[in-house]
>>> print(open('model28.cif').read())   # mmCIF, C-alpha atoms
data_work
loop_
_atom_site.label_atom_id
_atom_site.label_comp_id
_atom_site.auth_asym_id
_atom_site.auth_seq_id
_atom_site.Cartn_x
_atom_site.Cartn_y
_atom_site.Cartn_z
CA ASP A 1 170.11 82.87 215.78
CA LYS A 2 166.92 80.81 215.41
CA THR A 3 168.34 78.61 212.65
CA LEU A 4 171.28 77.54 214.80
CA ALA A 5 169.10 77.13 217.88
CA ASP A 6 166.71 74.90 215.92
CA ALA A 7 169.62 72.79 214.65
CA ARG A 8 170.90 72.37 218.20
CA SER A 9 167.40 71.41 219.37
CA LEU A 10 167.74 68.35 217.12
CA ASP A 11 171.15 67.59 218.69
CA MET A 12 172.97 68.54 215.49
CA ILE A 13 176.59 69.62 215.76
CA VAL A 14 177.07 73.34 215.17
CA ILE A 15 180.67 74.54 215.23
CA PRO A 16 181.04 77.86 217.09
CA ASP A 17 182.99 80.53 215.25
CA ASN A 18 185.77 80.42 217.82
CA ARG A 19 186.25 76.67 217.26
CA VAL A 20 186.36 76.61 213.45
CA VAL A 21 190.16 76.47 213.32
CA ASP A 22 190.19 73.57 215.80
CA PHE A 23 187.85 71.50 213.66
CA ALA A 24 189.54 72.43 210.38
CA SER A 25 192.86 71.10 211.65
CA ARG A 26 191.39 67.87 213.06
CA PRO A 27 189.87 65.84 210.21
CA LYS A 28 188.84 62.91 212.43
CA LEU A 29 186.85 65.22 214.69
CA LEU A 30 185.33 66.89 211.65
CA HIS A 31 184.35 63.52 210.18
CA ALA A 32 182.76 62.39 213.45
CA ALA A 33 180.72 65.59 213.68
CA LYS A 34 179.59 65.24 210.08
CA GLU A 35 178.51 61.64 210.70
CA ILE A 36 176.41 62.72 213.69
CA ASN A 37 174.62 65.35 211.60
CA GLN A 38 174.06 62.86 208.78
CA LYS A 39 172.47 60.30 211.11
CA ILE A 40 170.17 62.96 212.54
CA THR A 41 169.23 64.12 209.03
CA ASN A 42 168.37 60.55 208.02
CA LYS A 43 166.30 59.97 211.17
CA VAL A 44 164.38 63.22 210.80
CA SER A 45 163.80 62.53 207.09
CA ALA A 46 162.43 59.05 207.79
CA GLY A 47 159.94 60.36 210.35
CA TYR A 48 158.94 63.24 208.09
CA ALA A 49 158.18 60.84 205.24
CA GLY A 50 156.01 58.65 207.46
CA LEU A 51 158.34 55.67 207.67
CA PRO A 52 158.11 53.37 210.72
CA PRO A 53 160.73 53.93 213.48
CA ASN A 54 164.20 52.55 212.71
CA THR A 55 163.37 52.21 209.00
CA ALA A 56 166.14 53.26 206.63
CA VAL A 57 165.22 55.80 203.97
CA SER A 58 165.08 54.17 200.54
CA ARG A 59 163.12 54.59 197.34
CA GLU A 60 161.37 51.30 198.01
CA ALA A 61 160.26 52.38 201.49
CA LEU A 62 159.08 55.78 200.23
CA ASN A 63 157.18 54.11 197.40
CA GLY A 64 155.43 51.95 199.98
CA VAL A 65 154.21 55.02 201.88
CA ARG A 66 153.04 56.64 198.64
CA LYS A 67 151.22 53.51 197.49
CA GLU A 68 149.18 53.40 200.70
CA ALA A 69 148.45 57.14 200.57
CA TYR A 70 147.26 56.93 196.95
CA LYS A 71 145.02 54.00 197.83
CA ASN A 72 143.37 55.84 200.71
CA GLY A 73 143.26 59.41 199.40
CA TYR A 74 143.35 59.38 195.59
CA GLU A 75 141.84 56.15 194.28
CA PRO A 76 138.34 56.88 195.71
CA LEU A 77 138.27 60.12 193.70
CA LYS A 78 138.69 58.54 190.28
CA ARG A 79 134.92 58.33 189.83
CA THR A 80 134.21 62.02 190.45
CA GLY A 81 133.75 62.82 186.76
CA THR A 82 134.92 65.62 184.50
CA VAL A 83 137.09 68.40 185.97
CA THR A 84 136.64 71.76 184.22
CA THR A 85 139.77 73.86 184.49
CA ASP A 86 139.35 77.40 185.83
CA ASN A 87 141.25 80.68 185.74
CA ASP A 88 143.25 79.76 188.83
CA TYR A 89 144.57 76.67 187.08
CA LEU A 90 145.49 78.59 183.92
CA ASN A 91 147.18 81.30 185.99
CA ASP A 92 149.20 78.65 187.83
CA LEU A 93 150.49 77.35 184.50
CA ILE A 94 151.26 80.86 183.26
CA ASP A 95 153.20 81.53 186.46
CA ILE A 96 155.42 78.50 185.82
CA GLU A 97 156.56 79.90 182.49
CA THR A 98 156.65 83.52 183.71
CA GLU A 99 159.11 82.52 186.41
CA PHE A 100 161.69 82.09 183.64
CA THR A 101 160.61 84.68 181.03
CA GLY A 102 159.94 87.57 183.44
CA GLN A 103 156.60 89.30 184.05
CA SER A 104 156.73 91.11 180.70
CA GLY A 105 158.13 88.19 178.73
CA SER A 106 161.45 89.97 178.26
CA PHE A 107 163.48 86.75 178.24
CA PRO A 108 161.65 84.23 176.04
CA ASP A 109 164.89 82.43 175.22
CA ALA A 110 165.42 81.74 178.94
CA VAL A 111 162.73 79.08 178.76
CA SER A 112 163.75 75.74 177.30
CA LYS A 113 161.53 74.15 174.66
CA ASN A 114 160.93 71.23 177.02
CA LEU A 115 159.50 73.57 179.65
CA VAL A 116 157.27 75.37 177.13
CA ASP A 117 156.03 72.04 175.80
CA LEU A 118 155.37 70.85 179.35
CA VAL A 119 153.14 73.83 180.15
CA GLN A 120 151.35 73.65 176.80
CA ALA A 121 150.63 69.94 177.19
CA TYR A 122 148.53 70.57 180.29
CA THR A 123 146.81 73.77 179.15
CA VAL A 124 143.46 72.10 178.54
CA PRO A 125 139.83 73.15 179.17
CA LYS A 126 138.95 69.96 181.07
CA PHE A 127 140.15 66.51 182.08
CA GLU A 128 138.69 63.39 183.62
CA ALA A 129 139.35 62.81 187.32
CA ASN A 130 140.48 59.26 186.58
CA ASP A 131 143.08 60.52 184.10
CA VAL A 132 144.37 63.43 186.18
CA ILE A 133 144.94 61.28 189.26
CA ASP A 134 147.09 58.87 187.27
CA LYS A 135 148.91 61.76 185.58
CA ILE A 136 149.66 63.51 188.88
CA ARG A 137 151.28 60.32 190.13
CA THR A 138 153.43 60.03 187.01
CA LEU A 139 154.44 63.70 187.04
CA ARG A 140 155.50 63.61 190.68
CA ASN A 141 157.58 60.47 190.21
CA ARG A 142 159.33 61.92 187.16
CA ALA A 143 159.81 65.32 188.81
CA THR A 144 161.58 63.74 191.78
CA LYS A 145 164.06 61.96 189.51
CA PHE A 146 164.84 65.16 187.62
CA ILE A 147 165.21 67.24 190.80
CA ASN A 148 167.57 64.64 192.27
CA SER A 149 169.82 65.07 189.24
CA ASP A 150 173.01 67.11 189.53
CA VAL A 151 172.35 68.63 186.08
CA PRO A 152 170.94 72.20 186.52
CA ASP A 153 168.64 71.98 183.47
CA ASN A 154 167.20 68.71 184.75
CA GLU A 155 166.61 70.20 188.20
CA GLU A 156 164.82 73.18 186.63
CA TYR A 157 162.64 70.94 184.50
CA GLY A 158 161.82 68.73 187.49
CA LEU A 159 160.78 71.73 189.58
CA ALA A 160 158.52 72.93 186.75
CA MET A 161 157.02 69.44 186.46
CA LYS A 162 156.35 69.44 190.21
CA LYS A 163 154.58 72.80 189.93
CA VAL A 164 152.37 71.47 187.13
CA ALA A 165 151.39 68.56 189.40
CA ASP A 166 150.69 71.07 192.20
CA ALA A 167 148.42 73.05 189.85
CA MET A 168 146.54 69.90 188.85
CA GLU A 169 146.07 68.84 192.47
CA SER A 170 144.77 72.29 193.42
CA GLN A 171 142.35 72.18 190.49
CA LEU A 172 141.21 68.72 191.56
CA GLU A 173 140.59 69.97 195.09
CA ARG A 174 138.45 72.87 193.82
CA HIS A 175 136.50 70.36 191.73
CA LEU A 176 135.91 68.20 194.80
CA GLN A 177 134.73 71.19 196.83
CA ARG A 178 132.06 71.90 194.20
CA SER A 179 131.00 68.26 194.05
CA ASN A 180 129.54 68.07 197.58
CA LEU A 181 131.38 64.85 198.36
CA PRO A 182 131.42 63.30 201.84
CA PRO A 183 133.77 65.31 204.07
CA GLU A 184 135.95 62.27 204.81
CA LEU A 185 136.88 61.95 201.12
CA MET A 186 138.24 65.50 201.08
CA ALA A 187 140.02 64.98 204.40
CA ASN A 188 141.63 61.76 203.17
CA TYR A 189 142.69 63.44 199.91
CA ARG A 190 144.34 66.36 201.71
CA ALA A 191 146.14 64.05 204.13
CA ALA A 192 147.36 61.84 201.29
CA ARG A 193 148.48 64.85 199.22
CA ARG A 194 150.53 66.16 202.14
CA GLN A 195 152.07 62.76 202.90
CA ILE A 196 153.00 62.08 199.28
CA ALA A 197 154.54 65.53 198.89
CA ARG A 198 156.68 64.86 201.96
CA THR A 199 157.98 61.57 200.54
CA HIS A 200 158.92 63.28 197.29
CA SER A 201 160.77 66.06 199.12
CA VAL A 202 162.84 63.45 200.95
CA GLU A 203 163.49 61.39 197.82
CA SER A 204 164.56 64.52 195.91
CA ALA A 205 167.48 64.77 198.34
CA LEU A 206 168.17 61.05 198.67
CA HIS A 207 171.59 59.75 197.67
CA PRO A 208 170.77 56.43 196.00
CA GLY A 209 174.20 54.92 196.59
CA SER A 210 174.60 55.50 200.31
CA GLY A 211 170.96 55.81 201.31
CA ASP A 212 171.75 59.10 203.04
CA VAL A 213 169.55 62.17 202.67
CA ASP A 214 171.84 64.89 201.32
CA MET A 215 171.78 68.01 203.52
CA THR A 216 173.07 70.18 200.68
CA LYS A 217 170.17 69.12 198.45
CA LEU A 218 167.71 69.76 201.27
CA GLY A 219 169.14 73.27 201.53
CA LYS A 220 168.65 73.80 197.80
CA LEU A 221 165.04 72.62 197.97
CA TYR A 222 164.40 75.03 200.85
CA GLU A 223 165.93 77.93 198.89
CA LYS A 224 163.79 77.13 195.84
CA GLY A 225 160.62 77.37 197.90
CA ILE A 226 159.73 73.68 198.02
CA PRO A 227 157.34 73.37 201.00
CA ILE A 228 159.13 71.67 203.88
CA ASP A 229 157.91 71.90 207.46
CA GLY A 230 158.46 70.46 210.91
CA ASP A 231 161.87 69.20 211.98
CA LEU A 232 162.98 68.64 208.39
CA GLU A 233 162.51 72.36 207.75
CA LYS A 234 164.95 73.00 210.60
CA VAL A 235 167.51 70.70 208.95
CA ALA A 236 166.96 72.24 205.51
CA ARG A 237 167.25 75.80 206.82
CA PHE A 238 170.48 74.95 208.65
CA ALA A 239 171.80 73.26 205.52
CA SER A 240 170.91 76.34 203.48
CA ILE A 241 173.05 78.71 205.55
CA ASN A 242 175.92 76.23 205.29
CA ARG A 243 175.66 75.75 201.53
CA PRO A 244 178.43 77.54 199.58
CA LYS A 245 176.93 80.46 197.63
CA THR A 246 178.19 82.21 194.50
CA ALA A 247 179.60 85.71 194.93
CA ASN A 248 176.88 87.03 192.59
CA PRO A 249 173.68 84.95 192.62
CA ASN A 250 172.79 86.28 189.15
CA THR A 251 175.89 84.81 187.52
CA PRO A 252 176.80 81.12 187.15
CA GLU A 253 180.28 81.48 188.62
CA GLU A 254 181.92 79.11 191.05
CA PRO A 255 180.95 79.31 194.73
CA GLN A 256 183.15 81.53 196.84
CA LYS A 257 185.83 79.59 198.67
CA THR A 258 187.14 80.22 202.15
CA PRO A 259 189.74 78.29 204.15
CA TYR A 260 186.83 76.53 205.85
CA SER A 261 184.48 75.95 202.92
CA HIS A 262 184.64 72.21 203.60
CA LEU A 263 183.02 72.84 206.98
CA ALA A 264 180.04 74.47 205.28
CA GLY A 265 179.76 71.55 202.90
CA ALA A 266 179.65 69.24 205.89
CA GLY A 267 176.71 71.18 207.33
CA LEU A 268 178.60 72.22 210.43
CA ALA A 269 179.84 75.82 210.26
CA GLY A 270 178.06 79.05 211.03
CA GLY A 271 177.62 78.94 214.80
CA ALA A 272 178.29 81.64 217.31
CA ALA A 273 180.09 80.98 220.54
#
>>> encode(input="model28.cif", output="structure tokens")
Amino acid sequence: DKTLADARSLDMIVIPDNRVVDFASRPKLLHAAKEINQKITNKVSAGYAGLPPNTAVSREALNGVRKEAYKNGYEPLKRTGTVTTDNDYLNDLIDIETEFTGQSGSFPDAVSKNLVDLVQAYTVPKFEANDVIDKIRTLRNRATKFINSDVPDNEEYGLAMKKVADAMESQLERHLQRSNLPPELMANYRAARRQIARTHSVESALHPGSGDVDMTKLGKLYEKGIPIDGDLEKVARFASINRPKTANPNTPEEPQKTPYSHLAGAGLAGGAA
């Protein structure tokens, strides 16, 4: 299995099926294995976010990376004038709402008023580059806080907010392509956009108390289609197959329990001999 092979390539502990009982009956061994996987997750997350070697993941450190990226990739674009929104931008906003109502709008009550208001607030014919750059920054910061919440409605709203920021950034990029700017400005913008998105993905899974990056939350982000690549994608994919799932994904019932559910929660189970 590629997911398990990728996890092992990072030196993560994967419990073979024929050893599950051994680990389940030895809590100290289980704890040690979990600690190893947590340290690897933190190390991979730090590198993914662009932090210097041996730097602990924290909101302050991630903010430092973002501040530098904004300075180099976004600030120079504030003087690029008026951005006229196009059909692609409007379709991106429609897709955010359609994700919850269905293609034919069969479930209008499934969309919270906050989400409808969010989409409507940014359905505009044009905006100034200076304003949109500041707004993107605010939206991404707020989205990360909502996604990191354990309240499902907050997570949903945060994901929608992130997608609005994505739509605005894509519209800004199309505006820049039509503006015949120096190639290095576009290259710096794309690099900064990618770096900032990576820091927000890590912070969305960050446990503020311990400073650990939560594997379970990484798995949820992966399942929801949040772009994650490189070694962190390997961690998130492994976490996803270990995350307890509901018996019926269309109903909000409790996750199915097995005698070894705590192994899955620890991000350890699922390996073959």
>>> resolve_selection(input="model28.cif", expression="the PyMOL selection byres ((chain A and resi 120) around 12)", output="number ranges by chain")
A: 90, 93-94, 96-97, 113-119, 121-125, 161, 164
>>> closest_residue(input="model28.cif", among="A:Glu173, A:Glu75, A:Glu203, A:Glu223", to="Arg142 (chain A)", atoms="all atoms listed in the file")
A:Glu203
>>> resolve_selection(input="model28.cif", expression="the PyMOL selection byres ((chain A and resi 225) around 12)", output="ChimeraX atom specification")
/A:159,162-163,201,218-224,226-229,233,236-237,240
>>> closest_residue(input="model28.cif", among="A:Ala187, A:Lys67, A:Phe127, A:Val235", to="Asp11 (chain A)", atoms="all atoms listed in the file")
A:Val235
>>> atom_distance(input="model28.cif", atom1="CA of Asp86 (chain A)", atom2="CA of Arg178 (chain A)")
12.4 Å
>>> resolve_selection(input="model28.cif", expression="the PyMOL selection byres ((chain A and resi 147-156) around 8)", output="PDB file with C-alpha atoms, keeping the file's coordinate frame")
ATOM      1  CA  ALA A 143     159.810  65.320 188.810  1.00  0.00           C
ATOM      2  CA  THR A 144     161.580  63.740 191.780  1.00  0.00           C
ATOM      3  CA  LYS A 145     164.060  61.960 189.510  1.00  0.00           C
ATOM      4  CA  PHE A 146     164.840  65.160 187.620  1.00  0.00           C
ATOM      5  CA  TYR A 157     162.640  70.940 184.500  1.00  0.00           C
ATOM      6  CA  GLY A 158     161.820  68.730 187.490  1.00  0.00           C
ATOM      7  CA  LEU A 159     160.780  71.730 189.580  1.00  0.00           C
ATOM      8  CA  ALA A 160     158.520  72.930 186.750  1.00  0.00           C
ATOM      9  CA  GLU A 203     163.490  61.390 197.820  1.00  0.00           C
ATOM     10  CA  SER A 204     164.560  64.520 195.910  1.00  0.00           C
ATOM     11  CA  ALA A 205     167.480  64.770 198.340  1.00  0.00           C
ATOM     12  CA  LEU A 206     168.170  61.050 198.670  1.00  0.00           C
TER      13      LEU A 206
END
>>> closest_residue(input="model28.cif", among="A:Ser179, A:Thr80, A:Asn130, A:Ser45", to="His200 (chain A)", atoms="only C-alpha atoms")
A:Ser45
>>> atom_distance(input="model28.cif", atom1="CA of Val213 (chain A)", atom2="CA of Asn42 (chain A)")
5.7 Å
>>> closest_residue(input="model28.cif", among="A:Thr216, A:Thr84, A:Thr41, A:Gln195", to="Val57 (chain A)", atoms="all atoms listed in the file")
A:Thr41
>>> residues_around(input="model28.cif", residues="Arg193 (chain A)", least_positions_apart="3", cutoff="8 Å", atoms="only C-alpha atoms", output="ChimeraX atom specification")
/A:69,73,189-190,196-197
>>> residues_around(input="model28.cif", residues="region 2-5 of chain A", least_positions_apart="2", cutoff="7 Å", atoms="only C-alpha atoms", output="PyMOL selection string")
chain A and resi 7-9+234+237-238+271
>>> atom_distance(input="model28.cif", atom1="CA of Asn141 (chain A)", atom2="CA of Glu99 (chain A)")
22.4 Å
>>> residues_around(input="model28.cif", residues="Ala129 (chain A)", least_positions_apart="6", cutoff="6 Å", atoms="only C-alpha atoms", output="list in words")
Lys78, Gly81 and Thr82 of chain A
>>> write_last_selection(input="model28.cif", atoms="C-alpha atoms", output="CSV table (one decimal), in the coordinates of the input")
chain,number,residue,atom,x,y,z
A,78,LYS,CA,138.7,58.5,190.3
A,81,GLY,CA,133.8,62.8,186.8
A,82,THR,CA,134.9,65.6,184.5
>>> closest_residue(input="model28.cif", among="A:Ala56, A:Met168, A:Ile133, A:Ala61", to="Val44 (chain A)", atoms="all atoms listed in the file")
A:Ala56
>>> closest_residue(input="model28.cif", among="A:Gly230, A:Gly209, A:Ala239, A:Leu176", to="Tyr74 (chain A)", atoms="only C-alpha atoms")
A:Leu176
>>> axis_aligned_box(input="model28.cif", around="region 53-71 of chain A", padding_each_side="3 Å", output="JSON")
{"center_x": 155.6, "center_y": 54.2, "center_z": 205.2, "size_x": 27.1, "size_y": 11.8, "size_z": 22.5}
>>> residues_around(input="model28.cif", residues="Leu29 (chain A)", least_positions_apart="4", cutoff="12 Å", atoms="all atoms listed in the file", output="ChimeraX atom specification")
/A:13,15,19-25,33-36,263,268
>>> build_atoms(input="model28.cif", residues="region 76-98 of chain A", atoms="N, CA, C and O atoms", output="PDB file, keeping the file's coordinate frame")
ATOM      1  N   PRO A  76     139.792  56.696 195.604  1.00  0.00           N
ATOM      2  CA  PRO A  76     138.340  56.880 195.710  1.00  0.00           C
ATOM      3  C   PRO A  76     137.805  58.054 194.883  1.00  0.00           C
ATOM      4  O   PRO A  76     136.588  58.158 194.678  1.00  0.00           O
ATOM      5  N   LEU A  77     138.708  58.930 194.419  1.00  0.00           N
ATOM      6  CA  LEU A  77     138.270  60.120 193.700  1.00  0.00           C
ATOM      7  C   LEU A  77     138.210  59.922 192.188  1.00  0.00           C
ATOM      8  O   LEU A  77     137.787  60.815 191.458  1.00  0.00           O
ATOM      9  N   LYS A  78     138.620  58.762 191.722  1.00  0.00           N
ATOM     10  CA  LYS A  78     138.690  58.540 190.280  1.00  0.00           C
ATOM     11  C   LYS A  78     137.325  58.547 189.610  1.00  0.00           C
ATOM     12  O   LYS A  78     137.227  58.707 188.395  1.00  0.00           O
ATOM     13  N   ARG A  79     136.271  58.393 190.402  1.00  0.00           N
ATOM     14  CA  ARG A  79     134.920  58.330 189.830  1.00  0.00           C
ATOM     15  C   ARG A  79     134.152  59.636 190.003  1.00  0.00           C
ATOM     16  O   ARG A  79     132.917  59.654 189.940  1.00  0.00           O
ATOM     17  N   THR A  80     134.893  60.738 190.202  1.00  0.00           N
ATOM     18  CA  THR A  80     134.210  62.020 190.450  1.00  0.00           C
ATOM     19  C   THR A  80     133.968  62.813 189.180  1.00  0.00           C
ATOM     20  O   THR A  80     133.589  63.982 189.244  1.00  0.00           O
ATOM     21  N   GLY A  81     134.193  62.210 188.011  1.00  0.00           N
ATOM     22  CA  GLY A  81     133.750  62.820 186.760  1.00  0.00           C
ATOM     23  C   GLY A  81     134.714  63.791 186.112  1.00  0.00           C
ATOM     24  O   GLY A  81     135.922  63.763 186.343  1.00  0.00           O
ATOM     25  N   THR A  82     134.144  64.673 185.307  1.00  0.00           N
ATOM     26  CA  THR A  82     134.920  65.620 184.500  1.00  0.00           C
ATOM     27  C   THR A  82     135.303  66.840 185.340  1.00  0.00           C
ATOM     28  O   THR A  82     134.465  67.428 186.029  1.00  0.00           O
ATOM     29  N   VAL A  83     136.577  67.221 185.262  1.00  0.00           N
ATOM     30  CA  VAL A  83     137.090  68.400 185.970  1.00  0.00           C
ATOM     31  C   VAL A  83     137.253  69.517 184.950  1.00  0.00           C
ATOM     32  O   VAL A  83     138.043  69.402 184.006  1.00  0.00           O
ATOM     33  N   THR A  84     136.516  70.605 185.105  1.00  0.00           N
ATOM     34  CA  THR A  84     136.640  71.760 184.220  1.00  0.00           C
ATOM     35  C   THR A  84     137.689  72.704 184.788  1.00  0.00           C
ATOM     36  O   THR A  84     137.589  73.124 185.942  1.00  0.00           O
ATOM     37  N   THR A  85     138.694  73.002 183.994  1.00  0.00           N
ATOM     38  CA  THR A  85     139.770  73.860 184.490  1.00  0.00           C
ATOM     39  C   THR A  85     139.281  75.306 184.583  1.00  0.00           C
ATOM     40  O   THR A  85     138.480  75.764 183.768  1.00  0.00           O
ATOM     41  N   ASP A  86     139.779  76.028 185.591  1.00  0.00           N
ATOM     42  CA  ASP A  86     139.350  77.400 185.830  1.00  0.00           C
ATOM     43  C   ASP A  86     140.502  78.386 185.653  1.00  0.00           C
ATOM     44  O   ASP A  86     141.617  77.990 185.290  1.00  0.00           O
ATOM     45  N   ASN A  87     140.230  79.654 185.916  1.00  0.00           N
ATOM     46  CA  ASN A  87     141.250  80.680 185.740  1.00  0.00           C
ATOM     47  C   ASN A  87     142.428  80.488 186.683  1.00  0.00           C
ATOM     48  O   ASN A  87     143.573  80.792 186.323  1.00  0.00           O
ATOM     49  N   ASP A  88     142.165  80.000 187.874  1.00  0.00           N
ATOM     50  CA  ASP A  88     143.250  79.760 188.830  1.00  0.00           C
ATOM     51  C   ASP A  88     144.237  78.741 188.273  1.00  0.00           C
ATOM     52  O   ASP A  88     145.456  78.888 188.409  1.00  0.00           O
ATOM     53  N   TYR A  89     143.713  77.706 187.661  1.00  0.00           N
ATOM     54  CA  TYR A  89     144.570  76.670 187.080  1.00  0.00           C
ATOM     55  C   TYR A  89     145.404  77.250 185.941  1.00  0.00           C
ATOM     56  O   TYR A  89     146.629  77.035 185.875  1.00  0.00           O
ATOM     57  N   LEU A  90     144.762  77.990 185.042  1.00  0.00           N
ATOM     58  CA  LEU A  90     145.490  78.590 183.920  1.00  0.00           C
ATOM     59  C   LEU A  90     146.545  79.578 184.413  1.00  0.00           C
ATOM     60  O   LEU A  90     147.655  79.643 183.884  1.00  0.00           O
ATOM     61  N   ASN A  91     146.216  80.350 185.436  1.00  0.00           N
ATOM     62  CA  ASN A  91     147.180  81.300 185.990  1.00  0.00           C
ATOM     63  C   ASN A  91     148.372  80.580 186.626  1.00  0.00           C
ATOM     64  O   ASN A  91     149.508  81.051 186.545  1.00  0.00           O
ATOM     65  N   ASP A  92     148.100  79.436 187.253  1.00  0.00           N
ATOM     66  CA  ASP A  92     149.200  78.650 187.830  1.00  0.00           C
ATOM     67  C   ASP A  92     150.164  78.204 186.735  1.00  0.00           C
ATOM     68  O   ASP A  92     151.388  78.251 186.907  1.00  0.00           O
ATOM     69  N   LEU A  93     149.630  77.778 185.602  1.00  0.00           N
ATOM     70  CA  LEU A  93     150.490  77.350 184.500  1.00  0.00           C
ATOM     71  C   LEU A  93     151.262  78.526 183.910  1.00  0.00           C
ATOM     72  O   LEU A  93     152.453  78.408 183.585  1.00  0.00           O
ATOM     73  N   ILE A  94     150.584  79.654 183.778  1.00  0.00           N
ATOM     74  CA  ILE A  94     151.260  80.860 183.260  1.00  0.00           C
ATOM     75  C   ILE A  94     152.403  81.251 184.177  1.00  0.00           C
ATOM     76  O   ILE A  94     153.487  81.628 183.725  1.00  0.00           O
ATOM     77  N   ASP A  95     152.173  81.143 185.488  1.00  0.00           N
ATOM     78  CA  ASP A  95     153.200  81.530 186.460  1.00  0.00           C
ATOM     79  C   ASP A  95     154.452  80.659 186.333  1.00  0.00           C
ATOM     80  O   ASP A  95     155.564  81.128 186.572  1.00  0.00           O
ATOM     81  N   ILE A  96     154.268  79.399 185.974  1.00  0.00           N
ATOM     82  CA  ILE A  96     155.420  78.500 185.820  1.00  0.00           C
ATOM     83  C   ILE A  96     156.338  79.007 184.726  1.00  0.00           C
ATOM     84  O   ILE A  96     157.558  79.069 184.887  1.00  0.00           O
ATOM     85  N   GLU A  97     155.755  79.401 183.601  1.00  0.00           N
ATOM     86  CA  GLU A  97     156.560  79.900 182.490  1.00  0.00           C
ATOM     87  C   GLU A  97     157.083  81.304 182.777  1.00  0.00           C
ATOM     88  O   GLU A  97     158.226  81.629 182.461  1.00  0.00           O
ATOM     89  N   THR A  98     156.253  82.143 183.411  1.00  0.00           N
ATOM     90  CA  THR A  98     156.650  83.520 183.710  1.00  0.00           C
ATOM     91  C   THR A  98     157.843  83.573 184.644  1.00  0.00           C
ATOM     92  O   THR A  98     158.645  84.516 184.600  1.00  0.00           O
TER      93      THR A  98
END
